[in-house]
file coords_13.json (JSON, C-alpha atoms and all ligand atoms)
[["chain", "number", "residue", "atom", "x", "y", "z"],
["A", 1, "MET", "CA", 54.83, 33.65, 108.72],
["A", 2, "ARG", "CA", 56.66, 36.47, 106.87],
["A", 3, "PRO", "CA", 55.51, 37.56, 103.40],
["A", 4, "ALA", "CA", 56.84, 35.23, 100.69],
["A", 5, "ASP", "CA", 58.08, 36.08, 97.19],
["A", 6, "ARG", "CA", 56.92, 34.56, 93.90],
["A", 7, "SER", "CA", 58.72, 31.30, 94.51],
["A", 8, "GLY", "CA", 57.15, 31.03, 97.97],
["A", 9, "GLN", "CA", 60.42, 31.88, 99.70],
["A", 10, "VAL", "CA", 60.62, 34.23, 102.68],
["A", 11, "ARG", "CA", 63.25, 36.96, 102.77],
["A", 12, "ALA", "CA", 65.08, 38.09, 105.87],
["A", 13, "GLN", "CA", 63.73, 40.57, 108.34],
["A", 14, "TRP", "CA", 66.61, 40.35, 110.70],
["A", 15, "VAL", "CA", 67.21, 41.72, 114.16],
["A", 16, "ARG", "CA", 70.23, 41.90, 116.41],
["A", 17, "GLU", "CA", 69.52, 39.94, 119.56],
["A", 18, "THR", "CA", 71.46, 38.76, 122.57],
["A", 19, "GLY", "CA", 70.79, 35.06, 123.01],
["A", 20, "ARG", "CA", 71.49, 32.93, 126.07],
["A", 21, "VAL", "CA", 73.03, 29.49, 125.63],
["A", 22, "VAL", "CA", 70.64, 26.93, 127.12],
["A", 23, "ALA", "CA", 72.40, 23.77, 125.93],
["A", 24, "HIS", "CA", 75.73, 23.07, 124.27],
["A", 25, "GLU", "CA", 76.83, 19.53, 123.59],
["A", 26, "GLY", "CA", 79.58, 18.12, 121.46],
["A", 27, "ASP", "CA", 82.73, 16.10, 121.24],
["A", 28, "GLY", "CA", 85.12, 18.90, 120.29],
["A", 29, "GLU", "CA", 84.51, 18.29, 116.59],
["A", 30, "ILE", "CA", 80.74, 18.37, 116.05],
["A", 31, "CYS", "CA", 78.67, 20.55, 118.39],
["A", 32, "LYS", "CA", 75.00, 21.30, 118.89],
["A", 33, "LEU", "CA", 74.26, 24.72, 120.31],
["A", 34, "THR", "CA", 70.81, 25.69, 121.60],
["A", 35, "VAL", "CA", 70.22, 29.37, 122.24],
["A", 36, "CYS", "CA", 67.25, 31.18, 123.73],
["A", 37, "ALA", "CA", 66.64, 34.02, 121.27],
["A", 38, "PRO", "CA", 62.86, 34.58, 121.19],
["A", 39, "GLU", "CA", 62.68, 37.24, 118.50],
["A", 40, "ILE", "CA", 64.90, 35.35, 116.04],
["A", 41, "ALA", "CA", 63.02, 32.11, 116.82],
["A", 42, "ARG", "CA", 59.74, 33.88, 116.10],
["A", 43, "ARG", "CA", 60.92, 35.25, 112.74],
["A", 44, "ALA", "CA", 63.07, 32.38, 111.44],
["A", 45, "VAL", "CA", 62.02, 30.19, 108.51],
["A", 46, "PRO", "CA", 63.85, 26.97, 107.51],
["A", 47, "GLY", "CA", 66.65, 27.61, 105.05],
["A", 48, "GLN", "CA", 67.54, 30.95, 106.59],
["A", 49, "PHE", "CA", 70.60, 31.41, 108.80],
["A", 50, "VAL", "CA", 71.88, 33.31, 111.80],
["A", 51, "GLN", "CA", 75.21, 35.05, 112.31],
["A", 52, "VAL", "CA", 76.72, 34.27, 115.70],
["A", 53, "HIS", "CA", 79.61, 36.13, 117.28],
["A", 54, "PRO", "CA", 81.84, 33.35, 118.57],
["A", 55, "VAL", "CA", 82.95, 35.23, 121.67],
["A", 56, "PRO", "CA", 80.33, 35.47, 124.43],
["A", 57, "ALA", "CA", 78.77, 38.90, 124.88],
["A", 58, "ARG", "CA", 78.55, 38.27, 128.59],
["A", 59, "LEU", "CA", 79.58, 35.48, 130.92],
["A", 60, "PRO", "CA", 77.28, 34.20, 133.66],
["A", 61, "GLY", "CA", 77.53, 36.29, 136.80],
["A", 62, "ARG", "CA", 79.54, 39.04, 135.10],
["A", 63, "ALA", "CA", 78.06, 42.51, 135.24],
["A", 64, "PRO", "CA", 77.03, 44.16, 131.94],
["A", 65, "GLY", "CA", 79.94, 46.24, 130.63],
["A", 66, "ALA", "CA", 82.55, 44.38, 132.68],
["A", 67, "PRO", "CA", 85.76, 43.55, 130.76],
["A", 68, "ARG", "CA", 85.74, 40.33, 128.79],
["A", 69, "PRO", "CA", 88.22, 37.66, 129.72],
["A", 70, "GLY", "CA", 91.46, 38.14, 127.85],
["A", 71, "GLY", "CA", 90.90, 41.71, 126.76],
["A", 72, "PRO", "CA", 88.64, 44.68, 126.36],
["A", 73, "GLY", "CA", 86.73, 43.86, 123.19],
["A", 74, "PRO", "CA", 84.89, 41.08, 121.43],
["A", 75, "ALA", "CA", 87.75, 40.61, 119.00],
["A", 76, "SER", "CA", 90.28, 39.66, 121.59],
["A", 77, "ALA", "CA", 89.04, 37.47, 124.43],
["A", 78, "GLY", "CA", 92.45, 35.84, 124.51],
["A", 79, "THR", "CA", 92.36, 34.66, 120.91],
["A", 80, "GLY", "CA", 94.72, 37.09, 119.26],
["A", 81, "GLY", "CA", 92.13, 39.53, 117.93],
["A", 82, "ALA", "CA", 91.14, 37.33, 114.96],
["A", 83, "LEU", "CA", 87.53, 36.86, 115.99],
["A", 84, "LEU", "CA", 85.99, 40.02, 114.59],
["A", 85, "LEU", "CA", 83.41, 38.41, 112.36],
["A", 86, "ARG", "CA", 80.22, 36.63, 113.26],
["A", 87, "ARG", "CA", 79.93, 33.11, 111.84],
["A", 88, "PRO", "CA", 76.92, 31.96, 109.79],
["A", 89, "PHE", "CA", 74.93, 28.88, 110.82],
["A", 90, "SER", "CA", 71.77, 27.42, 109.32],
["A", 91, "PHE", "CA", 68.88, 26.74, 111.63],
["A", 92, "CYS", "CA", 68.67, 23.08, 112.57],
["A", 93, "GLU", "CA", 65.70, 23.54, 114.88],
["A", 94, "ILE", "CA", 63.39, 26.51, 115.29],
["A", 95, "ARG", "CA", 61.16, 26.51, 118.38],
["A", 96, "PRO", "CA", 59.07, 29.69, 118.53],
["A", 97, "GLY", "CA", 57.19, 28.38, 121.63],
["A", 98, "PRO", "CA", 60.10, 28.41, 124.06],
["A", 99, "GLY", "CA", 61.90, 30.96, 121.87],
["A", 100, "GLU", "CA", 64.85, 28.72, 121.07],
["A", 101, "ILE", "CA", 67.00, 27.97, 118.05],
["A", 102, "ALA", "CA", 69.41, 25.05, 117.67],
["A", 103, "LEU", "CA", 72.48, 24.99, 115.41],
["A", 104, "ILE", "CA", 74.81, 22.12, 114.59],
["A", 105, "TYR", "CA", 78.34, 22.99, 113.52],
["A", 106, "ARG", "CA", 81.76, 21.48, 112.98],
["A", 107, "VAL", "CA", 84.79, 22.94, 114.72],
["A", 108, "VAL", "CA", 86.98, 23.98, 111.80],
["A", 109, "GLY", "CA", 88.87, 27.09, 112.88],
["A", 110, "ARG", "CA", 89.45, 29.64, 115.58],
["A", 111, "GLY", "CA", 85.93, 31.05, 115.47],
["A", 112, "THR", "CA", 84.12, 27.76, 115.83],
["A", 113, "ARG", "CA", 86.70, 26.58, 118.37],
["A", 114, "ALA", "CA", 86.02, 29.69, 120.48],
["A", 115, "LEU", "CA", 82.28, 29.16, 120.09],
["A", 116, "SER", "CA", 82.58, 25.50, 121.10],
["A", 117, "GLN", "CA", 83.84, 26.65, 124.49],
["A", 118, "ALA", "CA", 80.78, 28.78, 125.24],
["A", 119, "PRO", "CA", 79.19, 27.29, 128.37],
["A", 120, "VAL", "CA", 75.49, 27.16, 129.22],
["A", 121, "GLY", "CA", 74.34, 30.52, 130.54],
["A", 122, "VAL", "CA", 76.59, 32.80, 128.47],
["A", 123, "GLU", "CA", 75.10, 35.38, 126.17],
["A", 124, "LEU", "CA", 75.92, 35.48, 122.47],
["A", 125, "ASP", "CA", 75.53, 38.34, 120.03],
["A", 126, "LEU", "CA", 73.27, 37.19, 117.18],
["A", 127, "LEU", "CA", 72.06, 38.64, 113.89],
["A", 128, "GLY", "CA", 69.17, 36.93, 112.21],
["A", 129, "PRO", "CA", 67.24, 35.47, 110.65],
["A", 130, "LEU", "CA", 69.18, 36.25, 107.46],
["A", 131, "GLY", "CA", 68.78, 35.16, 103.88],
["A", 132, "ARG", "CA", 66.01, 33.66, 101.77],
["A", 133, "SER", "CA", 64.26, 30.54, 103.02],
["A", 134, "PHE", "CA", 63.10, 27.34, 101.39],
["A", 135, "PRO", "CA", 59.70, 27.76, 99.73],
["A", 136, "ASP", "CA", 56.54, 27.27, 101.75],
["A", 137, "PRO", "CA", 55.90, 23.48, 101.62],
["A", 138, "ARG", "CA", 52.14, 24.13, 101.44],
["A", 139, "ALA", "CA", 52.67, 25.75, 98.03],
["A", 140, "GLY", "CA", 54.28, 22.73, 96.34],
["A", 141, "ARG", "CA", 52.74, 19.52, 95.03],
["A", 142, "GLY", "CA", 53.76, 15.89, 95.24],
["A", 143, "ARG", "CA", 56.36, 14.27, 97.44],
["A", 144, "LEU", "CA", 59.04, 16.57, 98.77],
["A", 145, "VAL", "CA", 62.53, 15.04, 98.74],
["A", 146, "LEU", "CA", 65.00, 16.61, 101.17],
["A", 147, "ILE", "CA", 68.64, 15.96, 100.39],
["A", 148, "GLY", "CA", 71.34, 16.75, 102.91],
["A", 149, "GLY", "CA", 75.03, 16.07, 102.43],
["A", 150, "GLY", "CA", 77.51, 16.39, 105.33],
["A", 151, "LEU", "CA", 76.98, 19.70, 107.08],
["A", 152, "GLY", "CA", 74.01, 20.23, 104.76],
["A", 153, "ILE", "CA", 72.07, 17.74, 106.90],
["A", 154, "PRO", "CA", 71.23, 19.95, 109.94],
["A", 155, "PRO", "CA", 69.13, 22.52, 107.99],
["A", 156, "MET", "CA", 67.08, 19.62, 106.64],
["A", 157, "ALA", "CA", 65.83, 18.96, 110.16],
["A", 158, "ALA", "CA", 64.14, 22.36, 110.24],
["A", 159, "ALA", "CA", 62.89, 21.77, 106.70],
["A", 160, "ALA", "CA", 61.50, 18.34, 107.61],
["A", 161, "ARG", "CA", 59.70, 19.74, 110.66],
["A", 162, "TRP", "CA", 58.17, 22.46, 108.48],
["A", 163, "ALA", "CA", 57.01, 19.93, 105.89],
["A", 164, "VAL", "CA", 55.42, 17.73, 108.55],
["A", 165, "GLN", "CA", 53.63, 20.68, 110.14],
["A", 166, "ALA", "CA", 52.36, 21.65, 106.69],
["A", 167, "GLY", "CA", 51.05, 18.12, 106.10],
["A", 168, "ARG", "CA", 53.36, 17.63, 103.11],
["A", 169, "ASP", "CA", 54.47, 14.13, 102.13],
["A", 170, "ALA", "CA", 58.26, 14.18, 102.50],
["A", 171, "VAL", "CA", 61.27, 11.88, 102.55],
["A", 172, "ALA", "CA", 64.89, 12.67, 103.37],
["A", 173, "ILE", "CA", 68.05, 11.34, 101.75],
["A", 174, "LEU", "CA", 71.02, 12.03, 104.01],
["A", 175, "GLY", "CA", 74.59, 11.25, 103.17],
["A", 176, "ALA", "CA", 78.13, 11.74, 104.38],
["A", 177, "ARG", "CA", 81.54, 10.18, 104.11],
["A", 178, "THR", "CA", 81.18, 8.15, 107.32],
["A", 179, "ALA", "CA", 78.61, 7.51, 110.04],
["A", 180, "ARG", "CA", 80.44, 10.02, 112.20],
["A", 181, "ASP", "CA", 79.75, 12.77, 109.66],
["A", 182, "LEU", "CA", 75.96, 12.33, 109.77],
["A", 183, "ALA", "CA", 75.46, 15.15, 112.30],
["A", 184, "GLY", "CA", 71.84, 16.27, 112.26],
["A", 185, "ALA", "CA", 70.47, 12.97, 110.91],
["A", 186, "ARG", "CA", 68.97, 12.16, 114.32],
["A", 187, "GLU", "CA", 67.12, 15.48, 114.31],
["A", 188, "VAL", "CA", 65.76, 14.83, 110.80],
["A", 189, "ALA", "CA", 64.55, 11.34, 111.79],
["A", 190, "ALA", "CA", 62.90, 12.78, 114.90],
["A", 191, "CYS", "CA", 60.55, 14.73, 112.63],
["A", 192, "GLY", "CA", 58.90, 11.44, 111.67],
["A", 193, "ILE", "CA", 59.56, 11.36, 107.92],
["A", 194, "PRO", "CA", 61.18, 8.37, 106.17],
["A", 195, "VAL", "CA", 64.96, 8.75, 106.00],
["A", 196, "VAL", "CA", 67.33, 7.06, 103.55],
["A", 197, "THR", "CA", 70.89, 7.11, 104.90],
["A", 198, "VAL", "CA", 73.94, 6.79, 102.68],
["A", 199, "THR", "CA", 77.63, 6.80, 103.56],
["A", 200, "GLU", "CA", 80.61, 6.58, 101.25],
["A", 201, "ASP", "CA", 82.35, 3.97, 103.38],
["A", 202, "GLY", "CA", 79.18, 2.03, 104.21],
["A", 203, "SER", "CA", 79.56, 2.61, 107.97],
["A", 204, "ALA", "CA", 75.87, 3.63, 108.17],
["A", 205, "GLY", "CA", 72.96, 2.96, 105.84],
["A", 206, "GLN", "CA", 73.62, 2.14, 102.20],
["A", 207, "GLN", "CA", 77.10, 2.50, 100.76],
["A", 208, "GLY", "CA", 77.24, 5.18, 98.10],
["A", 209, "ILE", "CA", 76.45, 8.85, 97.62],
["A", 210, "VAL", "CA", 73.23, 10.77, 98.21],
["A", 211, "THR", "CA", 72.39, 11.28, 94.58],
["A", 212, "GLU", "CA", 72.07, 7.53, 93.95],
["A", 213, "PRO", "CA", 68.78, 7.06, 95.86],
["A", 214, "LEU", "CA", 67.43, 10.22, 94.20],
["A", 215, "GLU", "CA", 68.38, 8.90, 90.79],
["A", 216, "ARG", "CA", 66.61, 5.62, 91.55],
["A", 217, "MET", "CA", 63.47, 7.46, 92.67],
["A", 218, "LEU", "CA", 63.45, 9.48, 89.47],
["A", 219, "ARG", "CA", 64.39, 6.58, 87.15],
["A", 220, "HIS", "CA", 62.18, 3.81, 88.38],
["A", 221, "GLY", "CA", 58.90, 5.35, 87.41],
["A", 222, "ALA", "CA", 58.72, 7.43, 90.55],
["A", 223, "ALA", "CA", 59.35, 10.77, 88.88],
["A", 224, "ASN", "CA", 55.69, 11.58, 88.98],
["A", 225, "LEU", "CA", 55.75, 11.00, 92.75],
["A", 226, "VAL", "CA", 58.69, 13.31, 93.34],
["A", 227, "GLY", "CA", 57.09, 16.72, 93.30],
["A", 228, "GLU", "CA", 59.99, 18.84, 94.47],
["A", 229, "VAL", "CA", 63.55, 18.55, 95.73],
["A", 230, "TRP", "CA", 65.35, 20.70, 98.30],
["A", 231, "ALA", "CA", 69.09, 20.14, 98.64],
["A", 232, "CYS", "CA", 71.87, 21.41, 100.90],
["A", 233, "GLY", "CA", 75.44, 20.17, 100.87],
["A", 234, "PRO", "CA", 78.75, 20.39, 99.01],
["A", 235, "GLU", "CA", 78.61, 22.12, 95.63],
["A", 236, "PRO", "CA", 79.42, 19.00, 93.54],
["A", 237, "MET", "CA", 76.42, 17.33, 95.19],
["A", 238, "LEU", "CA", 74.22, 20.33, 94.36],
["A", 239, "VAL", "CA", 75.43, 20.22, 90.75],
["A", 240, "ALA", "CA", 74.49, 16.54, 90.46],
["A", 241, "VAL", "CA", 71.09, 17.09, 92.10],
["A", 242, "LYS", "CA", 70.38, 20.04, 89.84],
["A", 243, "ARG", "CA", 71.23, 17.95, 86.76],
["A", 244, "LEU", "CA", 69.03, 15.04, 87.81],
["A", 245, "CYS", "CA", 66.08, 17.28, 88.62],
["A", 246, "ALA", "CA", 66.42, 19.26, 85.40],
["A", 247, "ALA", "CA", 66.43, 16.02, 83.38],
["A", 248, "ALA", "CA", 63.31, 14.80, 85.22],
["A", 249, "ARG", "CA", 61.67, 18.26, 85.10],
["A", 250, "VAL", "CA", 61.27, 18.30, 88.86],
["A", 251, "PRO", "CA", 61.44, 21.69, 90.64],
["A", 252, "CYS", "CA", 64.61, 21.94, 92.68],
["A", 253, "PHE", "CA", 65.82, 24.39, 95.32],
["A", 254, "VAL", "CA", 69.47, 24.43, 96.37],
["A", 255, "SER", "CA", 71.02, 25.96, 99.46],
["A", 256, "VAL", "CA", 74.51, 27.12, 98.57],
["A", 257, "GLU", "CA", 77.41, 27.63, 100.90],
["A", 258, "ARG", "CA", 79.55, 30.74, 100.57],
["A", 259, "PHE", "CA", 81.86, 32.78, 102.76],
["A", 260, "MET", "CA", 79.60, 35.17, 104.66],
["A", 261, "GLY", "CA", 81.34, 38.28, 105.92],
["A", 262, "CYS", "CA", 78.51, 40.59, 106.84],
["A", 263, "GLY", "CA", 75.45, 38.44, 106.16],
["A", 264, "PHE", "CA", 73.30, 41.29, 104.91],
["A", 265, "GLY", "CA", 74.57, 42.40, 101.52],
["A", 266, "ALA", "CA", 77.34, 44.87, 102.34],
["A", 267, "CYS", "CA", 80.66, 43.09, 101.72],
["A", 268, "LEU", "CA", 80.07, 41.27, 98.37],
["A", 269, "GLY", "CA", 81.94, 38.27, 99.73],
["A", 270, "CYS", "CA", 79.21, 35.76, 98.92],
["A", 271, "THR", "CA", 78.42, 36.14, 95.22],
["A", 272, "VAL", "CA", 76.88, 33.37, 93.13],
["A", 273, "PRO", "CA", 76.78, 33.56, 89.30],
["A", 274, "ARG", "CA", 73.26, 34.18, 88.06],
["A", 275, "ALA", "CA", 72.02, 32.03, 85.17],
["A", 276, "ALA", "CA", 70.57, 35.10, 83.47],
["A", 277, "GLY", "CA", 73.89, 36.98, 83.81],
["A", 278, "GLY", "CA", 75.52, 38.93, 86.59],
["A", 279, "TYR", "CA", 75.73, 37.85, 90.19],
["A", 280, "LEU", "CA", 73.49, 37.23, 93.16],
["A", 281, "LYS", "CA", 74.36, 37.51, 96.83],
["A", 282, "ALA", "CA", 74.03, 34.25, 98.75],
["A", 283, "CYS", "CA", 73.32, 36.14, 101.96],
["A", 284, "GLN", "CA", 70.39, 38.14, 100.60],
["A", 285, "ASP", "CA", 69.16, 36.47, 97.42],
["A", 286, "GLY", "CA", 69.90, 33.01, 98.89],
["A", 287, "PRO", "CA", 71.28, 30.93, 100.42],
["A", 288, "VAL", "CA", 68.31, 29.02, 98.98],
["A", 289, "PHE", "CA", 67.84, 29.51, 95.23],
["A", 290, "PRO", "CA", 65.59, 27.92, 92.66],
["A", 291, "ALA", "CA", 68.25, 25.72, 91.00],
["A", 292, "GLU", "CA", 67.67, 27.19, 87.55],
["A", 293, "GLU", "CA", 68.35, 30.69, 88.87],
["A", 294, "VAL", "CA", 72.06, 30.11, 89.56],
["A", 295, "VAL", "CA", 75.14, 28.63, 87.90],
["A", 296, "LEU", "CA", 76.72, 25.87, 89.98],
["A", 297, "GLY", "CA", 79.89, 24.36, 88.61],
["A", 298, "ASP", "CA", 79.19, 24.66, 84.91],
["A", 299, "VAL", "CA", 75.42, 24.07, 85.01],
["B", 1, "LIG", "FE1", 78.40, 40.27, 102.82],
["B", 1, "LIG", "FE2", 76.85, 38.62, 101.42],
["B", 1, "LIG", "S1", 77.99, 38.18, 103.18],
["B", 1, "LIG", "S2", 77.39, 40.67, 100.93]]
call {"tool": "encode", "arguments": {"input": "coords_13.json", "output": "structure tokens", "more": "lines below"}}
Ligand code: FES
result
Amino acid sequence: MRPADRSGQVRAQWVRETGRVVAHEGDGEICKLTVCAPEIARRAVPGQFVQVHPVPARLPGRAPGAPRPGGPGPASAGTGGALLLRRPFSFCEIRPGPGEIALIYRVVGRGTRALSQAPVGVELDLLGPLGRSFPDPRAGRGRLVLIGGGLGIPPMAAAARWAVQAGRDAVAILGARTARDLAGAREVAACGIPVVTVTEDGSAGQQGIVTEPLERMLRHGAANLVGEVWACGPEPMLVAVKRLCAAARVPCFVSVERFMGCGFGACLGCTVPRAAGGYLKACQDGPVFPAEEVVLGDV
């Protein structure tokens, strides 16, 4: 475990590592990528993220230094030279034993489309772990409520595993628009904690939005059971969770999503307004923040 700060959160001590794809499954829209990257797996803490170059560093059977398919550099590879930047992904699973990390992502553009075509055996250029983690679950008290919305669900699998290993009582509330958008929910459930599933169209679990079960837990005399809330998902969801927790005086940590250019504090592309004035960098000071530390929406 890396040294933690006052809030119990671990800050990045990142390395650049070449990882080998050991599994890659998906349907062209949602993919799960498992990479053998022992040093990053050893250092990573739930809530942190890894930057992945979407174009393989080396293909299976191709000699080191041999030209990449489609061109001479990582930016080309037959994709028009638009793939210069690594893409950030939260850790869904961290397995220091076999030295593996697993990431779940949605194919939304050229970078993730290129990544989705990486076959088992290729090597990927990785930078990580980056950012500030969730707080150590051993430090908190009471029931930990994990809230994941849409693509905020996968990081809650790593968080749930951490909570279970720490012996912390935890429950997850996972929500999305439809059952199809619940990527990562299976991984959260596999950790063995109770899971409340919510979808907007009712195609899985209860019909509604993720903040409704949280509101019920807090309203119906259960506030004293809810010791802490960790949330990851769309910003309007984080705003609502922050409001509910503030009203119930329950500590809340939010994982915010921002454009990440560099991932380590150099490009200023990821700023988040600080409640005390000025700005914080999501890539270094977050992505996980104590909710009262940042301004989300207008709160
Ligand atoms: Fe570059 Fe945060 S991503 S400063």
call {"tool": "residues_near_point", "arguments": {"input": "coords_13.json", "point": "(72.1, 27.9, 92.3)", "cutoff": "8 Å", "atoms": "only C-alpha atoms", "output": "ChimeraX atom specification"}}
result
/A:253-256,272-274,288-296
call {"tool": "closest_residue", "arguments": {"input": "coords_13.json", "among": "A:Gly175, A:Tyr279, A:Gly265, A:His53", "to": "ligand LIG 1 (chain B)", "atoms": "only C-alpha atoms and all ligand atoms"}}
result
A:Gly265
call {"tool": "atom_distance", "arguments": {"input": "coords_13.json", "atom1": "CA of Val45 in chain A", "atom2": "CA of Ala179 in chain A"}}
result
28.1 Å
call {"tool": "closest_atom_pairs", "arguments": {"input": "coords_13.json", "of": "chain A", "to": "ligand LIG 1 (chain B)", "cutoff": "7 Å", "atoms": "all atoms listed in the file", "output": "tab-separated table"}}
result
residue	atom	partner	partner_atom	distance
A:Phe259	CA	B:LIG1	S1	6.7
A:Met260	CA	B:LIG1	S1	3.7
A:Gly261	CA	B:LIG1	S1	4.3
A:Cys262	CA	B:LIG1	FE1	4.0
A:Gly263	CA	B:LIG1	S1	3.9
A:Phe264	CA	B:LIG1	FE1	5.6
A:Gly265	CA	B:LIG1	S2	3.4
A:Ala266	CA	B:LIG1	S2	4.4
A:Cys267	CA	B:LIG1	FE1	3.8
A:Leu268	CA	B:LIG1	S2	3.8
A:Gly269	CA	B:LIG1	FE1	5.1
A:Cys270	CA	B:LIG1	FE2	4.5
A:Thr271	CA	B:LIG1	FE2	6.9
A:Lys281	CA	B:LIG1	FE2	5.3
A:Ala282	CA	B:LIG1	FE2	5.8
A:Cys283	CA	B:LIG1	FE2	4.3
A:Gln284	CA	B:LIG1	FE2	6.5
call {"tool": "residues_around", "arguments": {"input": "coords_13.json", "residues": "Gly184 in chain A", "least_positions_apart": "3", "cutoff": "9 Å", "atoms": "all atoms listed in the file", "output": "list in words"}}
result
Lys32, Cys92, Ile104, Gly150, Leu151, Gly152, Ile153, Pro154, Pro155, Met156, Ala157, Glu187, Val188 and Ala189 of chain A
call {"tool": "closest_residue", "arguments": {"input": "coords_13.json", "among": "A:Val229, A:Val122, A:Leu214, A:Ala240", "to": "Phe134 in chain A", "atoms": "all atoms listed in the file"}}
result
A:Val229
call {"tool": "atom_distance", "arguments": {"input": "coords_13.json", "atom1": "CA of Gly278 in chain A", "atom2": "CA of Ala159 in chain A"}}
result
29.3 Å
call {"tool": "atom_distance", "arguments": {"input": "coords_13.json", "atom1": "CA of Gly128 in chain A", "atom2": "CA of Gln13 in chain A"}}
result
7.6 Å
call {"tool": "closest_residue", "arguments": {"input": "coords_13.json", "among": "A:Val50, A:Met217, A:Val10, A:Ala185", "to": "Leu126 in chain A", "atoms": "all atoms listed in the file"}}
result
A:Val50
call {"tool": "residues_around", "arguments": {"input": "coords_13.json", "residues": "range 206-212 of chain A", "least_positions_apart": "4", "cutoff": "12 Å", "atoms": "only C-alpha atoms", "output": "PyMOL selection string"}}
result
chain A and resi 145-150+152-153+172-179+182+195-202+216-220+229+231-234+236-245
call {"tool": "axis_aligned_box", "arguments": {"input": "coords_13.json", "around": "range 254-260 of chain A", "padding_each_side": "8 Å", "output": "lines of an AutoDock Vina configuration file"}}
result
center_x = 75.7
center_y = 29.8
center_z = 100.5
size_x = 28.4
size_y = 26.7
size_z = 24.3
call {"tool": "closest_residue", "arguments": {"input": "coords_13.json", "among": "A:Gly19, A:Gly227, A:Gly121, A:Gly167", "to": "Glu100 in chain A", "atoms": "only C-alpha atoms"}}
result
A:Gly19
call {"tool": "closest_residue", "arguments": {"input": "coords_13.json", "among": "A:Gly297, A:Val250, A:Ala204, A:Gly142", "to": "Glu235 in chain A", "atoms": "only C-alpha atoms"}}
result
A:Gly297
call {"tool": "closest_residue", "arguments": {"input": "coords_13.json", "among": "A:Gly286, A:Pro213, A:Gly277, A:Gly8", "to": "Ala139 in chain A", "atoms": "all atoms listed in the file"}}
result
A:Gly8
call {"tool": "decode", "arguments": {"input": "coords_13.json", "residues": "range 94-107 of chain A", "atoms": "N, CA and C atoms", "output": "CSV table (one decimal), in the first residue's frame"}}
result
chain,number,residue,atom,x,y,z
A,94,ILE,N,-8.0,-5.1,-10.2
A,94,ILE,CA,-6.5,-5.0,-10.0
A,94,ILE,C,-6.1,-6.3,-9.4
A,95,ARG,N,-5.2,-7.0,-10.1
A,95,ARG,CA,-4.8,-8.4,-9.6
A,95,ARG,C,-3.3,-8.4,-9.4
A,96,PRO,N,-2.8,-8.0,-8.3
A,96,PRO,CA,-1.3,-7.9,-8.1
A,96,PRO,C,-0.7,-9.3,-8.2
A,97,GLY,N,-1.4,-10.4,-7.8
A,97,GLY,CA,-0.8,-11.7,-7.9
A,97,GLY,C,-0.3,-12.1,-9.2
A,98,PRO,N,-1.3,-12.2,-10.2
A,98,PRO,CA,-0.8,-12.5,-11.6
A,98,PRO,C,-0.3,-11.3,-12.3
A,99,GLY,N,-0.3,-10.1,-11.7
A,99,GLY,CA,0.2,-8.9,-12.3
A,99,GLY,C,-0.7,-8.4,-13.4
A,100,GLU,N,-2.0,-8.4,-13.2
A,100,GLU,CA,-3.0,-8.0,-14.3
A,100,GLU,C,-3.9,-6.9,-13.8
A,101,ILE,N,-4.3,-6.1,-14.8
A,101,ILE,CA,-5.3,-5.1,-14.6
A,101,ILE,C,-6.4,-5.3,-15.7
A,102,ALA,N,-7.6,-5.0,-15.3
A,102,ALA,CA,-8.7,-5.1,-16.3
A,102,ALA,C,-9.4,-3.8,-16.3
A,103,LEU,N,-9.8,-3.4,-17.5
A,103,LEU,CA,-10.5,-2.1,-17.8
A,103,LEU,C,-11.7,-2.4,-18.6
A,104,ILE,N,-12.8,-1.7,-18.3
A,104,ILE,CA,-14.0,-1.8,-19.2
A,104,ILE,C,-14.2,-0.5,-19.8
A,105,TYR,N,-14.4,-0.4,-21.1
A,105,TYR,CA,-14.6,0.8,-21.8
A,105,TYR,C,-15.6,0.7,-22.9
A,106,ARG,N,-16.1,1.9,-23.3
A,106,ARG,CA,-17.1,2.0,-24.4
A,106,ARG,C,-16.4,2.5,-25.6
A,107,VAL,N,-16.7,2.0,-26.7
A,107,VAL,CA,-16.1,2.5,-28.0
A,107,VAL,C,-16.8,3.7,-28.4
